[in-house]
Each structure stands twice: as C-alpha cells, then as structure tokens.
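Chemist: Pasting run29.txt here (compact mmCIF, C-alpha atoms and all ligand atoms):
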# COMPACT_ATOMS: atom_id res chain seq x y z
CA MET Z 28 -0.92 -2.70 -22.01
CA PRO Z 29 -3.33 -2.11 -24.91
CA HIS Z 30 -1.99 0.24 -27.55
CA ILE Z 31 -2.15 1.14 -31.22
CA VAL Z 32 0.73 2.30 -33.41
CA PHE Z 33 -0.10 4.17 -36.61
CA ASN Z 34 2.06 5.93 -39.14
CA LYS Z 35 -0.45 8.46 -40.43
CA PHE Z 36 -3.83 9.89 -39.70
CA ASN Z 37 -6.06 11.15 -42.45
CA LYS Z 38 -8.48 13.30 -40.47
CA GLN Z 39 -8.08 15.86 -37.70
CA LEU Z 40 -10.17 15.35 -34.57
CA VAL Z 41 -11.70 18.61 -33.36
CA THR Z 42 -12.97 18.64 -29.79
CA PRO Z 43 -15.48 18.62 -28.23
CA LEU Z 44 -16.93 15.80 -30.32
CA LYS Z 45 -19.99 13.91 -29.15
CA LYS Z 46 -20.95 10.61 -30.75
CA GLU Z 47 -23.47 7.99 -29.73
CA GLU Z 48 -20.99 5.62 -28.07
CA VAL Z 49 -18.13 7.95 -27.23
CA SER Z 50 -17.29 11.63 -26.61
CA PHE Z 51 -13.94 13.35 -26.95
CA ASP Z 52 -14.06 16.34 -24.58
CA PHE Z 53 -10.66 17.93 -25.13
CA ILE Z 54 -7.09 17.32 -26.27
CA ALA Z 55 -4.32 18.77 -24.10
CA LYS Z 56 -0.80 19.22 -25.44
CA SER Z 57 2.38 18.96 -23.38
CA TYR Z 58 3.79 22.29 -22.27
CA ASN Z 59 7.54 22.71 -22.35
CA PHE Z 60 7.75 22.91 -18.60
CA THR Z 61 10.55 20.61 -17.52
CA GLU Z 62 13.06 22.47 -19.73
CA LYS Z 63 14.27 19.14 -21.02
CA ILE Z 64 14.03 18.57 -24.76
CA ARG Z 65 11.20 16.17 -25.13
CA LYS Z 66 8.73 14.88 -27.61
CA THR Z 67 5.27 16.33 -27.96
CA GLU Z 68 2.67 14.39 -26.06
CA TYR Z 69 -1.12 14.72 -26.03
CA LYS Z 70 -3.73 13.76 -23.46
CA ILE Z 71 -7.09 12.98 -25.06
CA CYS Z 72 -10.11 13.14 -22.75
CA VAL Z 73 -12.64 10.41 -23.55
CA GLU Z 74 -16.06 9.74 -22.09
CA LYS Z 75 -17.47 6.27 -22.61
CA GLU Z 76 -20.08 4.31 -20.65
CA ASN Z 77 -20.29 7.26 -18.22
CA LYS Z 78 -16.59 7.02 -17.36
CA LYS Z 79 -14.14 9.80 -18.16
CA PHE Z 80 -10.47 8.99 -18.68
CA LEU Z 81 -7.45 10.02 -20.70
CA LEU Z 82 -5.59 8.46 -23.60
CA THR Z 83 -1.95 9.32 -24.32
CA LEU Z 84 -0.73 10.03 -27.84
CA LYS Z 85 3.05 10.23 -28.40
CA ASP Z 86 5.38 10.34 -31.35
CA LYS Z 87 7.59 7.29 -31.58
CA GLU Z 88 10.29 7.01 -34.22
CA GLY Z 89 8.21 8.74 -36.86
CA GLU Z 90 5.08 6.85 -35.84
CA HIS Z 91 2.29 7.67 -33.42
CA LEU Z 92 1.75 5.59 -30.29
CA LEU Z 93 -1.73 5.68 -28.77
CA LYS Z 94 -2.26 4.08 -25.36
CA ALA Z 95 -4.11 4.40 -22.07
CA ASP Z 96 -2.95 7.10 -19.67
CA LYS Z 97 -1.34 5.53 -16.60
CA VAL Z 98 -2.82 7.92 -14.03
CA THR Z 99 -6.48 7.78 -15.03
CA ARG Z 100 -6.94 4.04 -14.84
CA VAL Z 101 -10.32 2.65 -15.74
CA THR Z 102 -11.88 -0.81 -15.76
CA PRO Z 103 -12.70 -3.04 -17.53
CA VAL Z 104 -9.69 -2.94 -19.81
CA GLN Z 105 -12.03 -3.58 -22.76
CA LEU Z 106 -13.41 -0.07 -22.27
CA VAL Z 107 -9.92 1.36 -22.84
CA LYS Z 108 -9.39 -0.87 -25.87
CA ASP Z 109 -12.70 0.30 -27.35
CA ALA Z 110 -11.77 3.96 -26.73
CA LEU Z 111 -8.40 3.47 -28.45
CA ASN Z 112 -10.21 1.94 -31.44
CA ASP Z 113 -12.77 4.79 -31.41
CA TYR Z 114 -10.00 7.39 -31.63
CA ALA Z 115 -8.13 5.49 -34.36
CA ASN Z 116 -11.36 5.20 -36.38
CA GLU Z 117 -12.19 8.86 -35.89
CA VAL Z 118 -8.84 10.08 -37.24
CA GLU Z 119 -8.84 7.37 -39.94
CA ALA Z 120 -5.46 6.10 -38.74
CA ASN Z 121 -3.17 3.95 -40.88
CA ILE Z 122 -2.61 1.26 -38.26
CA VAL Z 123 0.67 -0.64 -38.24
CA PHE Z 124 0.21 -2.44 -34.92
CA SER Z 125 -2.70 -2.98 -32.54
CA ASN Z 126 -3.42 -5.29 -29.59
CA THR Z 127 -6.85 -3.85 -28.90
CA GLN Z 128 -9.00 -6.57 -30.42
CA ASN Z 129 -11.21 -8.49 -28.02
CA ILE Z 130 -9.79 -11.96 -27.46
CA ASN Z 131 -12.17 -14.17 -25.43
CA GLN Z 132 -11.99 -12.41 -22.09
CA LYS Z 133 -11.92 -14.56 -18.96
CA ILE Z 134 -14.73 -13.56 -16.67
CA LYS Z 135 -13.65 -13.29 -13.03
CA PRO Z 136 -16.10 -14.53 -10.42
CA THR Z 137 -17.83 -11.67 -8.60
CA GLN Z 138 -15.91 -10.65 -5.54
CA GLU Z 139 -18.78 -9.46 -3.41
CA TYR Z 140 -16.82 -9.29 -0.19
CA LEU Z 141 -13.70 -7.63 -1.61
CA LYS Z 142 -14.09 -3.89 -1.08
CA GLY Z 143 -12.13 -0.87 -2.23
CA ILE Z 144 -11.31 2.02 0.03
CA ASP Z 145 -14.01 4.22 -1.60
CA TYR Z 146 -16.61 1.84 -0.23
CA PHE Z 147 -15.49 2.65 3.31
CA ILE Z 148 -15.66 6.37 2.64
CA ASN Z 149 -19.02 6.48 0.87
CA ASP Z 150 -21.11 3.42 1.60
CA PHE Z 151 -19.95 1.42 4.59
CA LYS Z 152 -22.53 1.33 7.38
CA THR Z 153 -23.09 -1.27 10.04
CA ASP Z 154 -24.92 -1.51 13.34
CA LYS Z 155 -22.77 -4.49 14.27
CA GLU Z 156 -19.59 -4.25 16.28
CA ILE Z 157 -16.57 -4.08 13.97
CA GLN Z 158 -13.42 -6.16 14.46
CA ILE Z 159 -10.38 -5.75 12.24
CA GLU Z 160 -7.58 -8.19 11.45
CA VAL Z 161 -4.37 -6.70 10.10
CA GLY Z 162 -2.35 -8.91 7.70
CA PHE Z 163 -4.57 -12.01 7.93
CA GLY Z 164 -2.25 -14.15 5.75
CA SER Z 165 -3.79 -17.63 5.33
CA GLY Z 166 -6.91 -16.28 7.07
CA ARG Z 167 -7.27 -19.13 9.57
CA HIS Z 168 -7.79 -16.78 12.51
CA LEU Z 169 -10.10 -14.41 10.60
CA ILE Z 170 -12.35 -17.23 9.34
CA HIS Z 171 -12.42 -18.84 12.78
CA GLN Z 172 -13.42 -15.56 14.44
CA ALA Z 173 -16.10 -14.85 11.82
CA LYS Z 174 -17.66 -18.30 12.32
CA GLN Z 175 -17.61 -17.99 16.11
CA ASN Z 176 -19.00 -14.43 16.15
CA PRO Z 177 -21.71 -14.05 13.48
CA GLU Z 178 -22.96 -10.89 15.22
CA VAL Z 179 -19.64 -9.12 14.53
CA GLN Z 180 -18.68 -7.45 11.23
CA PHE Z 181 -15.07 -8.42 10.45
CA ILE Z 182 -12.76 -6.43 8.20
CA GLY Z 183 -9.64 -8.22 7.00
CA LEU Z 184 -6.72 -6.13 5.74
CA GLU Z 185 -4.02 -7.64 3.53
CA ILE Z 186 -1.58 -6.46 0.89
CA HIS Z 187 -0.71 -9.93 -0.45
CA THR Z 188 -3.09 -10.75 -3.32
CA PRO Z 189 -2.84 -14.60 -3.23
CA SER Z 190 -3.80 -14.51 0.49
CA ILE Z 191 -6.77 -12.30 -0.34
CA GLU Z 192 -7.95 -14.68 -3.06
CA GLN Z 193 -7.55 -17.67 -0.78
CA VAL Z 194 -9.66 -16.08 1.95
CA LEU Z 195 -12.34 -14.91 -0.49
CA LYS Z 196 -12.62 -18.50 -1.70
CA GLN Z 197 -13.10 -19.71 1.89
CA VAL Z 198 -15.68 -17.00 2.55
CA GLN Z 199 -17.64 -18.28 -0.47
CA ILE Z 200 -17.25 -22.01 0.37
CA GLN Z 201 -18.16 -21.54 4.03
CA GLU Z 202 -20.98 -19.10 3.14
CA LEU Z 203 -19.81 -16.42 5.56
CA ASP Z 204 -21.48 -13.03 5.25
CA ASN Z 205 -19.68 -11.11 7.99
CA ILE Z 206 -16.19 -10.64 6.48
CA LEU Z 207 -15.15 -7.77 4.23
CA VAL Z 208 -11.69 -8.01 2.73
CA VAL Z 209 -9.64 -4.96 1.78
CA ASN Z 210 -6.42 -4.86 -0.20
CA TYR Z 211 -4.92 -1.87 1.58
CA ASP Z 212 -2.04 -0.94 3.81
CA ALA Z 213 -3.21 -1.33 7.42
CA ARG Z 214 -1.10 1.65 8.48
CA LEU Z 215 -3.38 3.92 6.47
CA PHE Z 216 -6.72 2.12 6.53
CA MET Z 217 -7.82 3.18 9.99
CA GLU Z 218 -8.26 6.77 8.80
CA PHE Z 219 -11.46 5.70 7.05
CA ILE Z 220 -13.20 4.17 10.05
CA GLY Z 221 -15.39 6.24 12.35
CA SER Z 222 -14.30 6.86 15.92
CA ASN Z 223 -15.29 4.47 18.76
CA LYS Z 224 -16.71 1.80 16.41
CA VAL Z 225 -14.29 -1.11 16.74
CA GLY Z 226 -14.25 -3.82 19.40
CA LYS Z 227 -10.97 -5.52 18.54
CA ILE Z 228 -7.99 -5.08 16.25
CA PHE Z 229 -5.87 -8.20 15.79
CA VAL Z 230 -2.27 -7.91 14.60
CA HIS Z 231 -0.97 -11.47 14.56
CA PHE Z 232 2.61 -12.21 13.59
CA PRO Z 233 3.28 -8.98 11.72
CA VAL Z 234 6.43 -8.90 9.60
CA PRO Z 235 9.13 -7.81 12.15
CA TRP Z 236 11.10 -5.71 9.60
CA ASP Z 237 14.18 -5.77 11.84
CA LYS Z 238 16.27 -4.01 9.18
CA LYS Z 239 13.57 -1.55 8.02
CA PRO Z 240 11.66 -0.61 11.18
CA HIS Z 241 9.84 2.23 9.39
CA ARG Z 242 7.86 -0.43 7.50
CA ARG Z 243 6.44 -1.94 10.69
CA VAL Z 244 2.67 -1.82 11.17
CA TYR Z 245 3.05 -0.56 14.74
CA SER Z 246 4.08 3.07 15.14
CA ASN Z 247 2.91 5.97 17.29
CA ALA Z 248 0.56 7.06 14.49
CA PHE Z 249 -0.90 3.54 14.10
CA ILE Z 250 -1.47 3.16 17.86
CA ASN Z 251 -3.16 6.57 18.07
CA GLU Z 252 -5.45 5.80 15.13
CA ALA Z 253 -6.23 2.40 16.69
CA LEU Z 254 -7.18 4.11 19.97
CA ARG Z 255 -9.41 6.53 18.08
CA VAL Z 256 -11.39 3.80 16.28
CA LEU Z 257 -11.58 1.49 19.31
CA LYS Z 258 -14.55 1.83 21.59
CA LEU Z 259 -14.19 2.03 25.33
CA GLU Z 260 -12.67 -1.28 26.53
CA GLY Z 261 -11.88 -2.22 22.92
CA THR Z 262 -8.53 -3.96 22.41
CA LEU Z 263 -5.51 -3.74 20.10
CA GLU Z 264 -4.01 -7.22 20.19
CA LEU Z 265 -0.47 -8.00 19.08
CA ARG Z 266 0.71 -11.62 18.89
CA THR Z 267 4.31 -12.16 17.87
CA ASP Z 268 7.19 -14.60 18.08
CA SER Z 269 9.73 -11.79 17.60
CA ARG Z 270 11.33 -10.61 20.82
CA LYS Z 271 12.53 -7.46 19.08
CA TYR Z 272 9.06 -6.59 17.82
CA PHE Z 273 7.60 -7.31 21.26
CA ASP Z 274 10.16 -5.00 22.92
CA TYR Z 275 9.59 -2.29 20.31
CA CYS Z 276 5.80 -2.39 20.74
CA THR Z 277 5.84 -2.46 24.54
CA GLU Z 278 8.12 0.55 24.49
CA LEU Z 279 5.70 2.46 22.23
CA LEU Z 280 2.70 1.41 24.32
CA THR Z 281 4.28 2.24 27.67
CA ASN Z 282 5.14 5.72 26.38
CA LEU Z 283 1.43 6.53 26.03
CA ASN Z 284 0.12 9.11 28.50
CA THR Z 285 -2.64 6.87 29.69
CA GLY Z 286 -3.81 3.31 29.13
CA ARG Z 287 -3.75 -0.27 30.27
CA ILE Z 288 -1.77 -3.14 28.72
CA THR Z 289 -1.62 -6.84 29.42
CA ILE Z 290 1.20 -9.20 28.48
CA ASP Z 291 0.99 -12.99 28.08
CA ILE Z 292 3.68 -15.48 27.23
CA ASN Z 293 2.77 -18.66 25.33
CA LYS Z 294 -0.96 -18.12 25.69
CA ASP Z 295 -3.04 -20.74 23.89
CA LEU Z 296 -5.64 -19.52 21.40
CA PRO Z 297 -8.40 -21.74 20.00
CA VAL Z 298 -6.91 -21.37 16.51
CA SER Z 299 -3.27 -21.44 15.50
CA SER Z 300 -1.93 -19.88 12.29
CA LYS Z 301 0.63 -21.40 9.93
CA TYR Z 302 3.32 -19.12 11.32
CA GLU Z 303 2.41 -19.92 14.89
CA ASP Z 304 2.63 -23.68 14.23
CA ARG Z 305 6.10 -23.18 12.76
CA TRP Z 306 7.40 -21.09 15.67
CA LYS Z 307 5.92 -23.44 18.26
CA LYS Z 308 7.66 -26.41 16.62
CA GLN Z 309 10.93 -24.49 16.91
CA GLY Z 310 10.25 -23.96 20.63
CA LYS Z 311 10.07 -20.16 20.34
CA ASN Z 312 8.17 -18.05 22.84
CA ILE Z 313 4.97 -16.39 21.63
CA TYR Z 314 4.15 -12.98 23.14
CA ASP Z 315 0.72 -11.36 23.37
CA VAL Z 316 0.56 -7.64 24.12
CA THR Z 317 -2.95 -6.22 24.44
CA LEU Z 318 -3.74 -2.53 24.75
CA ILE Z 319 -7.14 -1.77 26.27
CA CYS Z 320 -8.75 1.47 25.14
CA ASN Z 321 -9.82 3.71 28.04
CA GLN Z 322 -11.01 6.80 26.18
CA GLU Z 323 -13.69 7.98 23.74
CA ASP Z 324 -12.74 10.16 20.79
CA ASP Z 325 -14.32 12.84 18.60
CA ASP Z 326 -15.57 11.75 15.19
CA ILE Z 327 -13.62 12.48 12.00
CA ASN Z 328 -14.64 14.26 8.81
CA LEU Z 329 -14.73 11.88 5.83
CA ASN Z 330 -16.52 14.50 3.72
CA PHE Z 331 -13.58 16.86 3.38
CA ASP Z 332 -14.15 19.53 0.74
CA PHE Z 333 -11.55 19.01 -2.00
CA SER Z 334 -12.67 21.99 -4.08
CA PHE Z 335 -10.44 24.86 -5.26
CA PRO Z 336 -11.19 28.58 -5.15
CA GLU Z 337 -12.51 30.22 -8.33
CA ASP Z 338 -10.78 32.57 -10.77
CA ILE Z 339 -7.71 30.50 -11.54
CA GLU Z 340 -5.73 31.91 -14.44
CA TYR Z 341 -4.07 28.85 -15.95
CA ASP Z 342 -1.94 30.84 -18.40
CA GLU Z 343 -0.42 32.77 -15.48
CA ILE Z 344 -0.02 29.80 -13.14
CA ILE Z 345 1.99 27.67 -15.55
CA LYS Z 346 4.67 30.36 -15.67
CA THR Z 347 5.21 30.13 -11.91
CA LEU Z 348 4.87 26.40 -11.12
CA SER Z 349 8.06 24.47 -10.47
CA THR Z 350 8.99 20.80 -10.84
CA LYS Z 351 10.82 20.97 -7.53
CA ALA Z 352 8.94 18.85 -5.02
CA VAL Z 353 7.46 20.49 -1.92
CA VAL Z 354 8.46 18.14 0.92
CA LYS Z 355 7.00 18.48 4.43
CA ASP Z 356 7.25 16.18 7.47
CA ASP Z 357 4.26 14.01 6.62
CA TYR Z 358 3.34 14.82 3.01
CA PHE Z 359 4.73 16.09 -0.27
CA ILE Z 360 3.62 17.58 -3.61
CA HIS Z 361 5.40 17.07 -6.90
CA ILE Z 362 4.22 18.74 -10.10
CA GLU Z 363 5.07 16.18 -12.77
CA ASP Z 364 3.85 17.79 -15.95
CA LEU Z 365 1.63 20.42 -17.52
CA PHE Z 366 -0.65 20.20 -20.56
CA ILE Z 367 -2.46 22.97 -22.43
CA ILE Z 368 -5.86 22.65 -24.09
CA GLU Z 369 -5.21 24.66 -27.22
CA GLU Z 370 -8.84 24.77 -28.35
CA LYS Z 371 -9.91 26.48 -25.13
CA SER Z 372 -8.15 29.53 -23.75
CA ASN Z 373 -6.69 29.53 -20.25
CA SER Z 374 -7.28 25.75 -19.84
CA GLY Z 375 -5.19 22.67 -19.24
CA LEU Z 376 -4.14 19.77 -17.04
CA ILE Z 377 -1.65 19.70 -14.18
CA GLN Z 378 -0.22 16.24 -13.49
CA ILE Z 379 0.77 15.81 -9.85
CA THR Z 380 1.93 13.22 -7.36
CA PHE Z 381 1.21 14.05 -3.75
CA GLY Z 382 0.12 12.89 -0.30
CA SER Z 383 1.90 10.52 2.06
CA PHE Z 384 5.34 9.07 1.34
CA ASP Z 385 4.00 5.52 1.90
CA ARG Z 386 1.09 5.82 -0.50
CA PRO Z 387 1.57 8.70 -2.92
CA LEU Z 388 -1.33 9.55 -5.18
CA SER Z 389 -1.05 10.46 -8.86
CA LYS Z 390 -3.74 12.74 -10.24
CA TYR Z 391 -4.60 15.40 -12.77
CA ILE Z 392 -6.11 18.76 -11.93
CA LEU Z 393 -8.24 20.03 -14.82
CA ILE Z 394 -8.50 23.80 -15.19
CA GLU Z 395 -11.27 25.12 -17.43
CA ASP Z 396 -13.26 28.37 -17.31
CA LYS Z 397 -11.02 29.61 -14.46
CA GLN Z 398 -12.16 26.71 -12.31
CA ALA Z 399 -9.88 23.90 -11.09
CA LYS Z 400 -11.06 20.41 -10.14
CA TYR Z 401 -9.54 16.96 -9.72
CA PHE Z 402 -9.98 15.02 -12.94
CA GLN Z 403 -11.97 11.76 -12.63
CA ASP Z 404 -12.52 11.61 -8.88
CA LEU Z 405 -11.50 13.24 -5.62
CA PRO Z 406 -8.48 12.15 -3.59
CA LEU Z 407 -9.13 9.99 -0.54
CA PRO Z 408 -9.53 12.17 2.55
CA THR Z 409 -6.40 10.95 4.33
CA SER Z 410 -4.72 13.50 6.58
CA ALA Z 411 -1.73 13.69 4.19
CA ASN Z 412 -3.97 14.30 1.16
CA VAL Z 413 -5.94 16.98 3.01
CA LYS Z 414 -2.72 18.80 3.95
CA ALA Z 415 -1.37 18.48 0.40
CA HIS Z 416 -4.63 19.82 -1.03
CA ASN Z 417 -4.48 22.88 1.23
CA GLU Z 418 -0.90 23.51 0.06
CA LEU Z 419 -2.00 23.11 -3.58
CA ILE Z 420 -4.64 25.79 -3.09
CA GLU Z 421 -1.84 28.16 -2.05
CA MET Z 422 0.29 27.14 -5.05
CA LEU Z 423 -2.57 27.84 -7.48
CA LYS Z 424 -3.32 31.32 -6.11
C1 LIG Z 501 4.01 -13.01 8.76
S1 LIG Z 501 2.49 -12.87 7.98
C2 LIG Z 501 1.33 -13.37 9.22
C3 LIG Z 501 0.00 -13.77 8.64
C4 LIG Z 501 -1.08 -14.18 9.64
N1 LIG Z 501 -1.47 -13.07 10.51
C5 LIG Z 501 -0.64 -15.35 10.46
O1 LIG Z 501 -0.57 -15.22 11.68
O2 LIG Z 501 -0.37 -16.39 9.87
C6 LIG Z 501 2.25 -11.12 7.89
C7 LIG Z 501 1.15 -10.71 6.90
O3 LIG Z 501 0.93 -9.32 7.02
C8 LIG Z 501 0.74 -8.78 5.72
N2 LIG Z 501 1.12 -7.37 5.80
C9 LIG Z 501 2.38 -6.85 5.93
N3 LIG Z 501 2.35 -5.52 6.02
C10 LIG Z 501 1.03 -5.15 5.94
C11 LIG Z 501 0.35 -3.90 5.93
N4 LIG Z 501 1.03 -2.76 6.06
N5 LIG Z 501 -1.00 -3.90 5.80
C12 LIG Z 501 -1.69 -5.08 5.68
N6 LIG Z 501 -1.09 -6.29 5.67
C13 LIG Z 501 0.24 -6.33 5.79
C14 LIG Z 501 1.64 -9.62 4.85
O4 LIG Z 501 1.21 -9.60 3.50
C15 LIG Z 501 1.51 -11.00 5.47
O5 LIG Z 501 0.47 -11.75 4.88
For the structure just supplied, provide its representation as structure tokens.
Modeler:
Amino acid sequence: MPHIVFNKFNKQLVTPLKKEEVSFDFIAKSYNFTEKIRKTEYKICVEKENKKFLLTLKDKEGEHLLKADKVTRVTPVQLVKDALNDYANEVEANIVFSNTQNINQKIKPTQEYLKGIDYFINDFKTDKEIQIEVGFGSGRHLIHQAKQNPEVQFIGLEIHTPSIEQVLKQVQIQELDNILVVNYDARLFMEFIGSNKVGKIFVHFPVPWDKKPHRRVYSNAFINEALRVLKLEGTLELRTDSRKYFDYCTELLTNLNTGRITIDINKDLPVSSKYEDRWKKQGKNIYDVTLICNQEDDDINLNFDFSFPEDIEYDEIIKTLSTKAVVKDDYFIHIEDLFIIEEKSNSGLIQITFGSFDRPLSKYILIEDKQAKYFQDLPLPTSANVKAHNELIEMLK
C-alpha cells in the first residue's frame, strides 16, 4: 500500500485549499468515541481528477504515517500516490520513507466486458433476452451458449478471479459480444436485475458446502429472487453431481406455493464442463432440477433515495451514538468511528459498516452545514442496505 513516513512538517495546511491539480476540502480529527486510549488520527479529504477520497494521517512512534484511507478506495493507484505526494509537498514534510514514486506501471488490457455492479444499476439496458450463468468456472458452458445464441445477452457471475480472467480472454479471442462478466456474489446479484427479464438461469455444479450450508447459492431468498427476474416460462436450472445438494434443492423447490419442476438423471448436454467430465469418469449420477417460472412480478425500485433529513446537529449526535452494533434478522449497522472537522463547526465524518452479513459495506457519512450525505458515492440499493439506511435515519434524528 502506498505510504509516506515523515518526521516533521514545516507548514500547516489550512483547509479548504484549492490548487490547480489538487484540492484539500477538509481535515477531520478522530473523536475520542471508543473510550479506548488511542492515537490521534486525521482524515484528509482530497479532490483530484474529479475524484474525492480520503487520506489517513497517523502518528507512529514519533513519526507521521500518511497513507490512503481503506474505505474510500480510488483507482488508479497512481492517483492516490500523487495525492500523498501533494500533501507531503504542501506541508513541506521531512520525508524518511516513501513508496509513492511512479515505477513503470504495467498497463492492463481494457476489460470491456467485465462490469461492476454500478453498471447494472445505472447503465445496463438491453432489448435482448437475458440469460445468467452462476459460477461459470472454466466458462465452457457459458462460451458455448453465447456462441449458439447470439441473440441472447449472457451475464456470467463468478467470484474466482482467475476464472474471470480466463473467460474474458476467450471472449476476446472468439470475438463474442454477448457476454458480460461480473465479479459478484450470485446470491446478491439478482437484486439489480429488473423483473421478468431473464429467460434462463444456469447453476451448474455449485459448490455443495455440505459443512456450511448457509454458503450455498440456493436458498429460499435466491429462489424467490430468481422467480422475480425470470419471465413467464423462464427456467432456473440446477445441474449437480451432489445427491445432498439435489435433495436440499428439491426440498426448497417443492415447498414453494406454486410452480412446476422437472428432474432428469444423467441427461446429456451438448457441452460438458471440467467438473462434469470428472464426475462422469467416476461413474457418479448427474442430476438436473429445473424450475419453470409460472408468474409475472412487479418491477423493483433501483433508484432508492439514499438522502438524509435536514437539520442534523453533529455536535449533539456524537454524544449519543454508540459503538454497539445494531443487529437485525437480515441486516446490521456498526458505527466504527467518528471524526470532527475542527475548522467547521458542527461538522464531521461518521465511519460505518452496515448492510447484509454476507456483503457488509464500509462507508463514511459526511455531515456539514446540518446536512448528512454518504461520502464519495451512494450505497448499492440492496434490500439490506435500504433497511440499514432507514435505521440510520432514525439514529441520526
Ligand atoms: C464447482 S465450480 C463449477 C464451475 C462450473 N459451473 C462448472 O460446471 O465447471 C463452482 C464455481 O462457482 C463459483 N461460486 C461459488 N460461489 C459463488 C457465488 N456465491 N457467486 C458466484 N460464483 C460462485 C466458484 O468460484 C466456482 O468457480
């Protein structure tokens, strides 16, 4: 991680400071909130190349350590290095260590078909039918489907980076333009897809997680979200060699109030994955369980309003907030830390972790001029984040 250590600074930085290449908006100082004895820490708000982020300044054995803030990540890393150098120059720091110089950066090839979750919230539009593959692994099935069905828009979900890179390479080599790849947990991804838009969802050879069933892709929540995004007659297709996983899924599916399922044993598909080849060689049975969607659903709101009410008195609030986590059935909120902007009355940062237990989100809330807002960007509108936000509004009253 890029950082600079210095033993002295010769000039005080007074915010706000606007320069041609960089602005320093505010400096927030740690508030003694956790009641533990701790060192003073500062969060420095920088704006550079139209991106706002924080730097952390800490005392370390009589020296000062300046580094990027972990919550407000920003790319490319060179931007952070430049901001660290800008601050050190501004305060005329006596530098004793730095790893912020630019050493021939490797340029990554553009990853046109690799999309972040924000893309699905803000920009994703298609008139094509969508089909989704969960945990595509080597990608054999995904690539085969995309080649056979050029009129379909495929979305491949994976959490294993080498598999993602391998498939992106194949997409490039085979000049496919109908696959989008997302590095995201399939259990949460569906929330960002409109209702009744998807023709098929493939879940082939998911990890059975016999000892940690809560990590399985299939759950009541996953099946319900799948049914919401599937169009009428759309299918959720499980293929597995695991008898336990098969039994678990058929139990979940047969507990639905309505629906149709089909079961096949050792059905041949035109393409066989690495896992499938291995299981077939071992003479294991392969089970296909397909759920056919028989309902249409209401659309969802991806434009949830993450604003806070006005008239927030930061000086009052910090006296009442607690570090004790608020834990509910499907979400939580944990206030991690508080920072005060000394140059501006009634202002500061609240550092929080919140949302779902599977994918907690770390964020700052900036309070200035009696107005609170999420620093940098808004949370993703997942149901857990929406519930946590509503609870936060109550906590800040
Ligand atoms: C056993 S492999 C099967 C890969 C491929 N479908 C096949 O048939 O060869 C399971 C894959 O699912 C991915 N995976 C596991 N949990 C996931 C999740 N929650 N979201 C997306 N992918 C997941 C894993 O990284 C792994 O690549």
Chemist: Which residues sit within 7 Å of ligand LIG 501 (chain Z), counting only C-alpha atoms and all ligand atoms, listed as a PyMOL selection string?
Modeler: chain Z and resi 161-166+184-187+190+211-214+230-234+244+300-303
Chemist: By how many Å are atom CA of Z:Asn149 and atom CA of Z:Phe219 apart?
Modeler: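 These two atoms are separated by 9.8 Å.
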Chemist: Tell me which of Z:Tyr146, Z:Tyr272, Z:Tyr391, Z:Phe80 sits closest to Z:Val107, counting all atoms listed in the file.
Modeler: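 That would be Z:Phe80, the residue with the smallest distance to Z:Val107.
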Chemist: Return the single residue from Z:Asn293, Z:Asn321, Z:Thr285, Z:Ser246 that is closest to Z:Leu259, with distances computed using only C-alpha atoms.
Modeler: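 Using only C-alpha atoms, the shortest distance to Z:Leu259 belongs to Z:Asn321.
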Chemist: Name all residues at most 8 Å from stretch 173-181 of chain Z (count only C-alpha atoms; drop same-chain ones fewer than 5 positions away) and give them as a PyMOL selection string.
Modeler: chain Z and resi 153+155-160+203+205-207
Chemist: For Z:Leu348, which residue out of Z:Asp268, Z:Glu90, Z:Tyr58, Z:Glu252 is the nearest one, using all atoms listed in the file?
Modeler: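 Smallest distance to Z:Leu348 is found for Z:Tyr58.
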Chemist: What does the structure give for the distance between atom CA of Z:Asp324 and atom CA of Z:Phe249, in Å to one decimal?
Modeler: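 Separation between atom CA of Z:Asp324 and atom CA of Z:Phe249: 15.1 Å.
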Chemist: Atom CA of Z:Glu202 and atom CA of Z:Tyr140 are how many Å apart?
Modeler: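 Distance between the two atoms: 11.2 Å.
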Chemist: Pick out the residues sitting within 7 Å of Z:Lys85, and hand them over as JSON, numbers by chain; count only C-alpha atoms, and ignore anything fewer than 2 positions along from it in its own chain.
Modeler: {"Z": [67, 68, 69, 83, 87, 91, 92, 93]}
Chemist: At a cut-off of 7 Å from (-12.5, -12.4, 4.7) in the coordinates of the file, what residues are picked up using all atoms listed in the file, written as a list in words?
Modeler: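 Residues satisfying the cut-off, written out: Leu169, Ile170, Ile182, Gly183, Val194, Leu195, Val198, Ile206, Leu207 and Val208 of chain Z.
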Chemist: Which residue gives the smallest distance to Z:Tyr314 among Z:Phe273, Z:Phe335, Z:Phe402, Z:Tyr341, with all atoms listed in the file counted?
Modeler: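 Comparing Z:Phe273, Z:Phe335, Z:Phe402, Z:Tyr341 against Z:Tyr314, the winner is Z:Phe273.
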Chemist: Between Z:Asp338, Z:Thr380, Z:Met28, Z:Asn373, which residue has the minimum interatomic distance to Z:Val353, considering all atoms listed in the file?
Modeler: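 Ranked by minimum distance to Z:Val353, first place goes to Z:Thr380.
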Chemist: Can you tell me, as a ChimeraX atom specification, what residues are no more than 7 Å from stretch 222-225 of chain Z when counting only C-alpha atoms, ignoring any on the same chain fewer than 2 positions away?
Modeler: /Z:156-158,220,227,255-258,261,323-327
Chemist: Let me make sure I understand: among Z:Asp396, Z:Tyr401, Z:Asn210, Z:Asn412, which one has the smallest atom-to-atom distance to Z:Ser383 if we use only C-alpha atoms?
Modeler: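 For Z:Ser383, the nearest of the given residues is Z:Asn412.
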Chemist: With 5 Å of padding per side, what axis-aligned box (centre and edge lengths, Å, one decimal) covers all the listed atoms of stretch 377-388 of chain Z? Give it as JSON.
Modeler:
{"center_x": 1.8, "center_y": 12.6, "center_z": -6.1, "size_x": 17.0, "size_y": 24.2, "size_z": 26.2}
